[in-house]
Amino acid sequence: MNRAYIVTGYRTAVGKANKGGFRFYRPDDLAADVVKHIMNEIPQLDKERVDDVIVGNATPEAEQGLNVGRMISLMGLDTVKVPGMTVNRYCSSGLETIAIATAKIEAGMADCILAGGVESMSTMAMGGWRIVPNPKVGKENPNWYWGMGLTAEAVANEYGVSREDQDAFAVKSHEKAIAAINSGRFKDDIVPIEVKHIFLDENEKRQEKTYTVDTDEGPRASTTEGLARLRPVFAANGSVTAGNSSQTSDGAAFCLVMSEKMVKELGLEPIARLASYSVVGVEPRIMGIGPVDAIPKALKAAGRNMNDINLFELNEAFASQSLAVIRKAELNPDIVNVNGGAISLGHPLGCTGAKLTVQIMNELKKRNEKYGVVTMCVGTGQGAAGVIEMI
Amino acid sequence: MNRHIRKVAILGSGVMGSRIACHFANIGCKVVLLDIVPRELNEAEQKKGVSADSKAHRNRIVNDALQFALKSNPSPIYRKSFASRIQTGNFEDDMELIADCDWVMEVVIERLDIKQQVFENVEKHRKEGTLITSNTSGIPIHMMLEGRSEDFQKHFCGTHFFNPPRYLQLLEIIPTPKTDPAIVDFLMDYGQRMLGKKTVLCKDTPAFIANRVGVYAIMSLFHAVQEMGMTVEEVDKLTGPVMGRPKSATFRTCDVVGLDTLVHVANGLKENCPDDEEKDLFELPEYISKMVENNWLGSKSGQGFYKKVKDENGKSNILVLDLESLDYREKQKVKFPTLEMTKPIEDLKQRTKMLFMGMDKAGEFYRKVFGGLFAYVANRIPEISDDLYKVDDALKAGFGWELGPFETWDLIGISKGIELAEKEGKTIPSWITDMKDAGISSFYKFENGQQFYYDIESKGYKIVPGSEDRVSLEALREGNTLWKNDDTTIVDLGDGILNLEFHTKMNTIGGGVIQGINKALDLAEASHKGLVISNNGQNFSAGANVGMIFMMAVEQDFDELNFAVKTFQDTMMRVRYSNIPVVVAPHNMALGGGCELALHADKVVAHTELYMGLVEFGVGLIPGGGGTKEFAKRLSDELHSGDIKINRMRDRFLTIGQAKVSTSAYEAFDLGYLREGTDEVIVSRELHLTRAKQACLELADKGYVSPKREKNVTVMGQEGLGIVYVGANSMLSGNYMSEHDRVISEKLGFVLCGGDLSENTVVSEQYLLDLERKAFLELCSERKTLERLESIIKTGRVLRN
């Protein structure tokens, strides 16, 4: 078998949606910038030898529509020869693309694929601009269409996760993220992005301002007392608040996945490989619990067990589901999200899987450890997990 | 000179200043609002590291005051976005901003020396010829002229607003001897037409007109209560809505205003009016002094005549002050035979007459209190005003009385009024006895659709100045009524325009009103140019008569109910499709059926104070008089090719589903009840009907062709239904609504979507009306809807079940 390796991976800093540094920046531009950065890093790779650009995106419409994957290929590689496609499995899209790339390469269908994801929640309404549920399903199984917040409430109720625990988890997430940023932990992950803001000054004169975004914008000093004051937003008398949910964000991340043959030919040093990737279905009503089934399935496929795993990146969609997963799947909290998670760092939906992959590779490298799991709950009742093996 | 007010400077951002600023913003003016610079950085600023020379610090007082005002309830602003018309600043850095203001108004603290300082500063910056006025309530206006230039003096005047300035109608205009008469005329007109106020020209006497008489009335009650041994709740019952005064009546009003404020004005009057024959009444009774001593000032100090407490279960209860013991106790039910007797009488004037005739303590109370009031106002002429109508106007507009003292006097007759006053030992001035001797029997009369008042100087009747061109229902009713039934009256407004008014309880719409609307349409179509639907009630209409619906629903008389709803729908459709233009002119509440009526007008001329909404959801129903249909139709009309329909549908759905009520006419546009480009807003309630008639005439004269019934509503059908079901289920699952709310929501969504048709089907209005009526009737057979109806009928409360 022709092994597939991740030879490099980068992400942008994660911007706060609607008020952050990327709010004027289109997702196709953002993703193309990351692609360019990767290609510059490997000058020996002729861009026309890239077989495909696969882009994860959870809301592929408007700026992210029109097969944005192909657009990113054209914009990022500046050649018509490399195709591009868009993949949507909501919050695991960015990991799904790396899995597709790995599978294609290992099946001998390709040698080199740029795989990742992008999401601009600044430019997009949550769920998209036009939500048209099937009326028959709406009548018979309305929870298949529930908003994610409501499913987080359902998980909190069903798994008995208290408001206090959720808020404490959120505070911890921010503390870890701030410590990571302060110690430069993400420096190796991030491609600094230059953004141009064109506006009118008070005399209505056209002005341009260029600034660089190179730091995650989500983390803030927060306290349990502060969070306790927030009101539930998805259910009356509920426990899920804006403070203990993930943040809406803008971001892009890509990995370059390459066959063993090509790695050798170009004299590259692979970083890691995606040893397995599994997706499961669960009740849509409690979608947050998805990783509980996905993790063992992925471990089994990789021939590993829980004790082999050195780090987990569990996407913090909500504190309620994160805690339910940690408890139910019996994860060691000390090795879960060591640098914070989506509650503090943000959750650019379709980008998240690739972003967490970049993060876990760098962290495993720094720790000189071998195995990591990237996992997340996925809308409409799914869970996904991928086992990363460092080379 | 044609004077235009584009920009106004308000100096002083206290309770009045900030709210006056909001009201100018309401009518479209740009406003500069200034106040003093804080003395030092406060704790929050120090913590934030704000510097002492930053704008944030230097404008803190004015910014905080404005934000506080904007957040207050009821809101001083018609539409939140209007607040951006107000620019804030401070007296030290920003006085030059007044250079391009057309009107500078002083609203600073009530100290003459400070006001004079402000004026000196104003004089350095203001442009010659611009208006400058003071909103003082206690300082004589002429004392502010000292040291000012001739141009300043010529353009200076008192303009006294009442709190809250958006809502209270009165604006007293107090010129000095130096004020240019043209300025007075301008302010009188501008105040009415542009600011929507009742402008009353006052003399520069202590507390002007409204507060002079109003505070007398309160102080005399304070004393009368003691003499007659009455309780707080008794007096509030007797001096509230039963006699056409606000619900807060006497003592509750004192609590809201603050006893200290009241005492301040009373003390001022005591000092400044040595010749007032009733000056002893401005002396505080002992219990009032005690209350002030105890700091029981009302709402601001947590207790006054009333005190809100919480029992051990956390349930709040309102206790009342016992004026004898000065202890708070449970409220007692107030019962007087006179009140029982007058309860069924809807007409205030008829009711008031009965109140005076009461043989019990209540009757005695009214006779005593009004005997004093009649004498007091009679003796204030010519001291505070040469014209009696100004006293009535000021009290009505400033204190929310529906009848002024002289109007009340007219109800019982001049002789009887004199008798009451004399019985109280009061002296009646000669101008009244002269009137009586000359055989003149009333202060007012109506003739040829105009109101006349008795002019003391000429000893004859004169038309109320400024009312010549005003269309007044009250004046027209006599002599111009074409038809009436128990619930409605059709009045000929002249020029071919008819008016239909309702006069049911809360102006609800039942069979009699429906009959009236149809009759008015018959008459107008047969021999007139157009129809206006408006009335002078407290509210335009509180909606359909739910009592009637409830009765039929309880008796499961569904054929009858179907017929009634169908008749309502048909009548609304007649309003739209008649051969003549129909203008609906709502004010205050226009809810449920009242809103539906407006939705079907050719044009709505709305008063700015419009609280409009389709609120049927609260009683377990959906709008059944064409309201839901109309929202589906408007949804179809407002969409352009390529629009995302489902989001616009959601907005329409939520407006009904959350029973949204506008807090102003502008909000009614935002909520889709009023139509941009078709409907319009007028600020002056006094000119409301005049404008509505004019608008109706314009429609007729430019060649009115009734719209044609077409099959032209594109409904979403199944495209929209999914989100209706999912949305309702999500709200239920999030505990935001009950199971019954879900049932109603789904029915509402079903009608709005035009049922389960395939996407984008074109349907007729009648198809939607039938769908709407079916849903309405189905809900009427639901037990929980009946419970909701019963709750609103019996307790006036919306039941969530």
# chains A, B, ... in the order shown; residues from 1 in each chain; ligands from 1
call {"tool": "interface_residues", "arguments": {"of": "chain B", "to": "chain A", "cutoff": "12 Å", "atoms": "only C-alpha atoms", "output": "PDB file with C-alpha atoms, in the first residue's frame"}}
result
ATOM      1  CA  GLY B 642     -34.812  36.458  -5.829  1.00  0.00           C
ATOM      2  CA  ASP B 643     -35.651  37.472  -2.269  1.00  0.00           C
ATOM      3  CA  ILE B 644     -35.306  34.910   0.430  1.00  0.00           C
ATOM      4  CA  LYS B 645     -38.975  34.456   1.109  1.00  0.00           C
ATOM      5  CA  ILE B 646     -38.725  32.246   4.118  1.00  0.00           C
ATOM      6  CA  ASN B 647     -37.063  34.897   6.270  1.00  0.00           C
ATOM      7  CA  ARG B 648     -39.688  37.494   5.433  1.00  0.00           C
ATOM      8  CA  MET B 649     -42.342  34.891   6.210  1.00  0.00           C
ATOM      9  CA  ARG B 650     -40.693  34.285   9.572  1.00  0.00           C
ATOM     10  CA  MET B 716     -45.272  29.604  -0.047  1.00  0.00           C
ATOM     11  CA  GLY B 717     -47.203  26.428   0.643  1.00  0.00           C
ATOM     12  CA  GLN B 718     -44.965  23.512   1.550  1.00  0.00           C
ATOM     13  CA  GLU B 719     -41.826  25.623   1.147  1.00  0.00           C
ATOM     14  CA  GLY B 720     -42.770  27.432   4.336  1.00  0.00           C
ATOM     15  CA  LEU B 721     -44.516  24.747   6.328  1.00  0.00           C
ATOM     16  CA  GLY B 722     -41.392  22.840   7.366  1.00  0.00           C
ATOM     17  CA  ILE B 723     -39.915  25.747   9.262  1.00  0.00           C
ATOM     18  CA  VAL B 724     -43.284  26.404  10.898  1.00  0.00           C
ATOM     19  CA  TYR B 725     -43.369  22.894  12.351  1.00  0.00           C
ATOM     20  CA  VAL B 726     -39.693  22.844  13.308  1.00  0.00           C
ATOM     21  CA  GLY B 727     -39.862  26.334  14.796  1.00  0.00           C
ATOM     22  CA  ALA B 728     -42.926  25.540  16.871  1.00  0.00           C
ATOM     23  CA  ASN B 729     -41.421  22.290  18.096  1.00  0.00           C
ATOM     24  CA  SER B 730     -38.141  24.017  18.985  1.00  0.00           C
ATOM     25  CA  MET B 731     -39.948  26.711  20.955  1.00  0.00           C
ATOM     26  CA  LEU B 732     -41.943  24.052  22.783  1.00  0.00           C
ATOM     27  CA  SER B 733     -38.826  21.978  23.468  1.00  0.00           C
ATOM     28  CA  GLY B 734     -36.991  25.051  24.743  1.00  0.00           C
ATOM     29  CA  ASN B 735     -39.892  25.694  27.123  1.00  0.00           C
ATOM     30  CA  TYR B 736     -40.550  29.009  25.454  1.00  0.00           C
ATOM     31  CA  MET B 737     -44.124  28.047  24.720  1.00  0.00           C
ATOM     32  CA  SER B 738     -46.826  25.676  25.841  1.00  0.00           C
ATOM     33  CA  ARG B 742     -47.604  25.094  19.505  1.00  0.00           C
ATOM     34  CA  VAL B 743     -51.067  24.202  18.253  1.00  0.00           C
ATOM     35  CA  GLU B 746     -48.937  25.648  13.550  1.00  0.00           C
ATOM     36  CA  GLY B 749     -48.185  29.157   9.984  1.00  0.00           C
ATOM     37  CA  PHE B 750     -50.529  26.985   7.975  1.00  0.00           C
ATOM     38  CA  CYS B 753     -48.290  29.636   4.017  1.00  0.00           C
ATOM     39  CA  GLY B 755     -51.909  25.630   3.522  1.00  0.00           C
ATOM     40  CA  ASP B 756     -50.056  22.631   2.152  1.00  0.00           C
ATOM     41  CA  LEU B 757     -50.133  23.660  -1.509  1.00  0.00           C
ATOM     42  CA  SER B 758     -47.085  23.054  -3.649  1.00  0.00           C
ATOM     43  CA  GLU B 759     -44.550  25.883  -3.632  1.00  0.00           C
TER      44      GLU B 759
END
call {"tool": "select_by_dssp", "arguments": {"residues": "range 136-361 of chain A", "states": "strand (DSSP E or B)", "output": "ChimeraX atom specification"}}
result
/A:190,193-200,206-213,245,248-259,272-281,311-314,318,336,347
call {"tool": "write_last_selection", "arguments": {"atoms": "N, CA and C atoms", "output": "short mmCIF file (atom, residue, chain, number, x, y, z; two decimals), in the first residue's frame"}}
result
data_model
loop_
_atom_site.label_atom_id
_atom_site.label_comp_id
_atom_site.auth_asym_id
_atom_site.auth_seq_id
_atom_site.Cartn_x
_atom_site.Cartn_y
_atom_site.Cartn_z
N ILE A 190 0.23 29.08 12.86
CA ILE A 190 -0.54 30.17 12.26
C ILE A 190 0.15 30.87 11.10
N ILE A 193 -2.22 36.73 8.39
CA ILE A 193 -3.01 37.15 7.22
C ILE A 193 -3.14 38.67 7.21
N GLU A 194 -2.88 39.23 6.06
CA GLU A 194 -3.02 40.67 5.92
C GLU A 194 -4.42 41.00 5.40
N VAL A 195 -5.09 41.91 6.09
CA VAL A 195 -6.45 42.26 5.72
C VAL A 195 -6.52 43.74 5.42
N LYS A 196 -7.24 44.06 4.35
CA LYS A 196 -7.39 45.47 4.00
C LYS A 196 -8.82 45.92 4.33
N HIS A 197 -8.92 46.96 5.10
CA HIS A 197 -10.22 47.53 5.44
C HIS A 197 -10.36 48.84 4.67
N ILE A 198 -11.38 48.93 3.84
CA ILE A 198 -11.60 50.15 3.06
C ILE A 198 -12.83 50.84 3.63
N PHE A 199 -12.68 52.07 4.01
CA PHE A 199 -13.79 52.74 4.70
C PHE A 199 -13.76 54.24 4.42
N LEU A 200 -14.76 54.93 4.92
CA LEU A 200 -14.81 56.39 4.79
C LEU A 200 -14.51 57.01 6.15
N ARG A 206 -12.35 58.35 1.24
CA ARG A 206 -12.01 56.93 1.19
C ARG A 206 -10.66 56.69 1.86
N GLN A 207 -10.63 55.72 2.73
CA GLN A 207 -9.39 55.40 3.43
C GLN A 207 -9.14 53.90 3.37
N GLU A 208 -7.88 53.54 3.41
CA GLU A 208 -7.55 52.12 3.46
C GLU A 208 -6.66 51.87 4.66
N LYS A 209 -6.94 50.76 5.31
CA LYS A 209 -6.11 50.41 6.46
C LYS A 209 -5.75 48.94 6.31
N THR A 210 -4.48 48.65 6.42
CA THR A 210 -4.08 47.24 6.31
C THR A 210 -3.56 46.78 7.66
N TYR A 211 -4.04 45.64 8.07
CA TYR A 211 -3.56 45.11 9.34
C TYR A 211 -3.37 43.60 9.24
N THR A 212 -2.59 43.07 10.16
CA THR A 212 -2.28 41.65 10.13
C THR A 212 -2.98 40.93 11.27
N VAL A 213 -3.61 39.81 10.93
CA VAL A 213 -4.24 39.00 11.97
C VAL A 213 -3.38 37.76 12.17
N SER A 245 -20.83 28.10 25.41
CA SER A 245 -20.94 27.51 24.07
C SER A 245 -19.72 27.94 23.27
N THR A 248 -18.76 31.78 17.52
CA THR A 248 -18.83 31.81 16.05
C THR A 248 -17.58 32.52 15.55
N SER A 249 -16.99 31.99 14.48
CA SER A 249 -15.63 32.40 14.11
C SER A 249 -15.39 32.37 12.61
N ASP A 250 -14.28 32.96 12.24
CA ASP A 250 -13.80 32.91 10.86
C ASP A 250 -12.41 32.26 10.88
N GLY A 251 -12.16 31.35 9.94
CA GLY A 251 -10.82 30.76 9.90
C GLY A 251 -10.67 29.78 8.75
N ALA A 252 -9.41 29.46 8.45
CA ALA A 252 -9.11 28.47 7.41
C ALA A 252 -7.91 27.65 7.86
N ALA A 253 -7.84 26.38 7.42
CA ALA A 253 -6.70 25.52 7.75
C ALA A 253 -6.54 24.47 6.66
N PHE A 254 -5.30 24.15 6.32
CA PHE A 254 -5.05 23.13 5.30
C PHE A 254 -3.85 22.27 5.67
N CYS A 255 -3.91 21.00 5.21
CA CYS A 255 -2.77 20.10 5.32
C CYS A 255 -2.40 19.65 3.92
N LEU A 256 -1.15 19.37 3.74
CA LEU A 256 -0.73 18.78 2.46
C LEU A 256 -0.53 17.30 2.71
N VAL A 257 -1.34 16.48 2.01
CA VAL A 257 -1.27 15.02 2.19
C VAL A 257 -0.59 14.43 0.94
N MET A 258 0.38 13.57 1.19
CA MET A 258 1.22 13.12 0.07
C MET A 258 1.54 11.64 0.19
N SER A 259 1.68 11.01 -0.95
CA SER A 259 2.01 9.57 -0.95
C SER A 259 3.47 9.38 -0.52
N ALA A 272 3.14 13.47 10.11
CA ALA A 272 2.19 12.54 10.75
C ALA A 272 1.38 11.85 9.68
N ARG A 273 0.56 10.93 10.12
CA ARG A 273 -0.42 10.35 9.20
C ARG A 273 -1.75 10.21 9.92
N LEU A 274 -2.81 10.22 9.12
CA LEU A 274 -4.13 9.98 9.69
C LEU A 274 -4.31 8.47 9.71
N ALA A 275 -4.16 7.87 10.87
CA ALA A 275 -4.15 6.41 10.98
C ALA A 275 -5.54 5.82 10.78
N SER A 276 -6.57 6.59 11.17
CA SER A 276 -7.93 6.12 10.92
C SER A 276 -8.88 7.30 11.05
N TYR A 277 -10.04 7.11 10.49
CA TYR A 277 -11.08 8.15 10.61
C TYR A 277 -12.43 7.46 10.60
N SER A 278 -13.25 7.71 11.60
CA SER A 278 -14.56 7.06 11.68
C SER A 278 -15.66 8.07 11.96
N VAL A 279 -16.80 7.79 11.39
CA VAL A 279 -17.97 8.63 11.63
C VAL A 279 -19.11 7.73 12.06
N VAL A 280 -19.90 8.18 13.01
CA VAL A 280 -21.04 7.38 13.49
C VAL A 280 -22.30 8.23 13.48
N GLY A 281 -23.43 7.55 13.56
CA GLY A 281 -24.70 8.25 13.69
C GLY A 281 -25.27 8.05 15.09
N LEU A 311 -2.94 12.71 23.47
CA LEU A 311 -3.68 13.98 23.48
C LEU A 311 -5.01 13.83 22.75
N PHE A 312 -5.98 14.55 23.25
CA PHE A 312 -7.27 14.63 22.54
C PHE A 312 -7.54 16.08 22.17
N GLU A 313 -7.99 16.29 20.96
CA GLU A 313 -8.62 17.57 20.61
C GLU A 313 -10.10 17.27 20.42
N LEU A 314 -10.86 17.59 21.45
CA LEU A 314 -12.30 17.35 21.42
C LEU A 314 -12.96 18.71 21.14
N PHE A 318 -20.10 22.70 22.74
CA PHE A 318 -20.75 23.20 23.96
C PHE A 318 -20.08 22.54 25.16
N VAL A 336 -7.09 16.36 27.47
CA VAL A 336 -8.10 16.85 26.52
C VAL A 336 -7.94 18.37 26.38
N HIS A 347 -14.89 28.42 16.86
CA HIS A 347 -15.27 27.22 16.10
C HIS A 347 -15.74 27.63 14.71
#
call {"tool": "residues_around", "arguments": {"residues": "range 459-476 of chain B", "least_positions_apart": "5", "cutoff": "6 Å", "atoms": "only C-alpha atoms", "output": "MDAnalysis selection string"}}
result
chainID B and resid 446 449:454 690
call {"tool": "write_last_selection", "arguments": {"atoms": "C-alpha atoms", "output": "mmCIF file, in the first residue's frame"}}
result
data_model
loop_
_atom_site.group_PDB
_atom_site.id
_atom_site.type_symbol
_atom_site.label_atom_id
_atom_site.label_comp_id
_atom_site.auth_asym_id
_atom_site.auth_seq_id
_atom_site.Cartn_x
_atom_site.Cartn_y
_atom_site.Cartn_z
ATOM 1 C CA PHE B 446 -71.411 74.219 19.882
ATOM 2 C CA GLY B 449 -69.673 72.405 13.855
ATOM 3 C CA GLN B 450 -67.563 74.801 15.897
ATOM 4 C CA GLN B 451 -66.935 75.228 19.572
ATOM 5 C CA PHE B 452 -67.510 78.646 21.141
ATOM 6 C CA TYR B 453 -66.516 79.864 24.588
ATOM 7 C CA TYR B 454 -67.906 82.643 26.724
ATOM 8 C CA THR B 690 -58.597 67.341 10.091
#
call {"tool": "atom_distance", "arguments": {"atom1": "CA of Phe563 in chain B", "atom2": "CA of Val532 in chain B"}}
result
26.3 Å
call {"tool": "residues_around", "arguments": {"residues": "Ile10 in chain B", "least_positions_apart": "2", "cutoff": "9 Å", "atoms": "only C-alpha atoms", "output": "MDAnalysis selection string"}}
result
chainID B and resid 8 12:13 17:18 20:21 31:35 103:107
call {"tool": "residues_around", "arguments": {"residues": "Lys708 in chain B", "least_positions_apart": "3", "cutoff": "10 Å", "atoms": "only C-alpha atoms", "output": "list in words"}}
result
Arg576, Tyr577, Ser578, Val705 and Lys711 of chain B
call {"tool": "write_last_selection", "arguments": {"atoms": "C-alpha atoms", "output": "short mmCIF file (atom, residue, chain, number, x, y, z; two decimals), in the first residue's frame"}}
result
data_model
loop_
_atom_site.label_atom_id
_atom_site.label_comp_id
_atom_site.auth_asym_id
_atom_site.auth_seq_id
_atom_site.Cartn_x
_atom_site.Cartn_y
_atom_site.Cartn_z
CA ARG B 576 -60.95 47.61 1.03
CA TYR B 577 -63.08 47.14 -2.08
CA SER B 578 -65.79 49.77 -1.68
CA VAL B 705 -60.75 53.77 -8.38
CA LYS B 711 -56.23 36.17 -7.65
#
call {"tool": "residues_around", "arguments": {"residues": "range 172-186 of chain B", "least_positions_apart": "6", "cutoff": "9 Å", "atoms": "only C-alpha atoms", "output": "compact mmCIF listing (two decimals) with C-alpha atoms, in the first residue's frame"}}
result
# COMPACT_ATOMS: atom_id res chain seq x y z
CA MET B 1 -40.73 85.63 8.16
CA ARG B 3 -39.20 80.37 10.41
CA LEU B 131 -35.41 81.44 19.31
CA ILE B 141 -39.90 84.44 32.95
CA HIS B 142 -39.38 88.21 32.91
CA LEU B 145 -34.25 89.12 30.77
CA GLU B 150 -32.53 93.52 22.67
CA GLN B 153 -35.25 89.73 24.70
CA LYS B 154 -37.30 89.93 21.52
CA HIS B 155 -36.81 86.24 20.82
CA PHE B 156 -37.13 85.02 24.37
CA CYS B 157 -40.16 83.21 25.78
CA GLY B 158 -41.15 80.62 28.36
CA THR B 159 -41.94 77.16 26.97
CA HIS B 160 -43.09 74.89 29.75
CA PHE B 161 -43.28 71.18 28.94
CA PHE B 162 -44.82 68.59 31.24
CA LYS B 198 -51.78 71.46 23.20
CA THR B 199 -50.26 74.93 23.36
CA VAL B 200 -51.76 77.23 25.97
CA LEU B 201 -50.83 80.88 26.09
CA CYS B 202 -50.16 81.80 29.72
CA LYS B 203 -49.47 84.88 31.75
CA ASP B 204 -46.21 85.13 33.65
CA PHE B 208 -48.56 79.48 35.25
CA ILE B 209 -51.95 77.85 34.67
CA ALA B 210 -51.83 74.06 34.94
CA ALA B 394 -54.20 73.41 30.48
call {"tool": "residues_around", "arguments": {"residues": "Lys19 in chain A", "least_positions_apart": "4", "cutoff": "9 Å", "atoms": "only C-alpha atoms", "output": "number ranges by chain"}}
result
A: 15, 23, 122
call {"tool": "write_last_selection", "arguments": {"atoms": "C-alpha atoms", "output": "PDB file, in the first residue's frame"}}
result
ATOM      1  CA  GLY A  15     -11.213  35.587  14.123  1.00  0.00           C
ATOM      2  CA  ARG A  23     -15.018  40.302   9.176  1.00  0.00           C
ATOM      3  CA  SER A 122     -19.127  36.689   9.522  1.00  0.00           C
TER       4      SER A 122
END
call {"tool": "atom_distance", "arguments": {"atom1": "CA of Ala58 in chain A", "atom2": "CA of Pro27 in chain A"}}
result
12.2 Å
call {"tool": "select_by_dssp", "arguments": {"residues": "range 294-509 of chain B", "states": "alpha helix (DSSP H)", "output": "PyMOL selection string"}}
result
chain B and resi 337-342+348-357+361-379+388-399+405-412+414-423+430-437+473-480
call {"tool": "write_last_selection", "arguments": {"atoms": "C-alpha atoms", "output": "short mmCIF file (atom, residue, chain, number, x, y, z; two decimals), in the first residue's frame"}}
result
data_model
loop_
_atom_site.label_atom_id
_atom_site.label_comp_id
_atom_site.auth_asym_id
_atom_site.auth_seq_id
_atom_site.Cartn_x
_atom_site.Cartn_y
_atom_site.Cartn_z
CA PRO B 337 -73.72 53.34 46.10
CA THR B 338 -73.07 56.27 43.76
CA LEU B 339 -70.26 54.37 42.08
CA GLU B 340 -72.45 51.28 41.72
CA MET B 341 -75.17 53.37 40.16
CA THR B 342 -72.90 55.05 37.63
CA LEU B 348 -68.39 60.39 30.88
CA LYS B 349 -70.56 63.47 30.78
CA GLN B 350 -73.71 61.56 31.70
CA ARG B 351 -71.79 59.76 34.42
CA THR B 352 -70.32 62.92 35.88
CA LYS B 353 -73.77 64.44 36.22
CA MET B 354 -74.86 61.38 38.19
CA LEU B 355 -71.81 61.54 40.44
CA PHE B 356 -72.78 65.01 41.58
CA MET B 357 -76.26 63.81 42.49
CA LYS B 361 -70.49 60.31 51.03
CA ALA B 362 -69.18 60.03 47.47
CA GLY B 363 -71.74 62.53 46.20
CA GLU B 364 -70.95 64.78 49.12
CA PHE B 365 -67.25 64.50 48.29
CA TYR B 366 -67.73 65.51 44.68
CA ARG B 367 -69.96 68.45 45.60
CA LYS B 368 -67.49 69.68 48.19
CA VAL B 369 -64.37 69.30 46.12
CA PHE B 370 -65.84 70.77 42.96
CA GLY B 371 -67.55 73.60 44.84
CA GLY B 372 -64.07 74.69 45.87
CA LEU B 373 -62.52 74.08 42.46
CA PHE B 374 -65.21 76.03 40.61
CA ALA B 375 -64.71 79.05 42.85
CA TYR B 376 -60.93 78.80 42.58
CA VAL B 377 -60.79 78.74 38.79
CA ALA B 378 -63.44 81.44 38.50
CA ASN B 379 -61.38 83.69 40.77
CA LEU B 388 -61.68 80.43 30.60
CA TYR B 389 -60.97 77.86 27.88
CA LYS B 390 -57.24 78.13 28.55
CA VAL B 391 -57.78 76.89 32.10
CA ASP B 392 -59.66 73.87 30.81
CA ASP B 393 -57.13 73.24 28.05
CA ALA B 394 -54.20 73.41 30.48
CA LEU B 395 -55.74 71.05 33.04
CA LYS B 396 -56.85 68.56 30.43
CA ALA B 397 -53.54 68.49 28.60
CA GLY B 398 -51.27 68.81 31.63
CA PHE B 399 -52.98 66.49 34.06
CA PRO B 405 -63.24 72.57 35.47
CA PHE B 406 -65.46 74.83 33.38
CA GLU B 407 -66.59 71.95 31.20
CA THR B 408 -67.53 70.02 34.34
CA TRP B 409 -69.33 73.06 35.63
CA ASP B 410 -71.32 73.23 32.39
CA LEU B 411 -72.56 69.69 33.01
CA ILE B 412 -74.35 70.61 36.22
CA ILE B 414 -73.87 77.49 36.16
CA SER B 415 -76.41 78.11 38.94
CA LYS B 416 -75.88 74.73 40.53
CA GLY B 417 -72.14 75.30 40.45
CA ILE B 418 -72.48 78.63 42.18
CA GLU B 419 -74.65 76.97 44.78
CA LEU B 420 -72.01 74.33 45.51
CA ALA B 421 -69.28 76.95 45.82
CA GLU B 422 -71.29 79.10 48.13
CA LYS B 423 -72.19 76.13 50.28
CA SER B 430 -68.96 88.94 39.53
CA TRP B 431 -68.25 87.86 35.95
CA ILE B 432 -69.99 84.60 36.75
CA THR B 433 -72.97 86.12 38.51
CA ASP B 434 -73.23 88.66 35.67
CA MET B 435 -73.38 85.75 33.23
CA LYS B 436 -76.11 84.12 35.24
CA ASP B 437 -78.05 87.35 35.52
CA LEU B 473 -66.22 65.50 16.06
CA GLU B 474 -67.44 66.88 19.33
CA ALA B 475 -68.54 70.10 17.69
CA LEU B 476 -69.95 68.43 14.59
CA ARG B 477 -71.94 65.74 16.35
CA GLU B 478 -74.71 68.18 17.13
CA GLY B 479 -76.50 68.89 13.93
CA ASN B 480 -74.42 66.79 11.57
#
call {"tool": "atom_distance", "arguments": {"atom1": "CA of Met75 in chain A", "atom2": "CA of Val35 in chain A"}}
result
9.0 Å
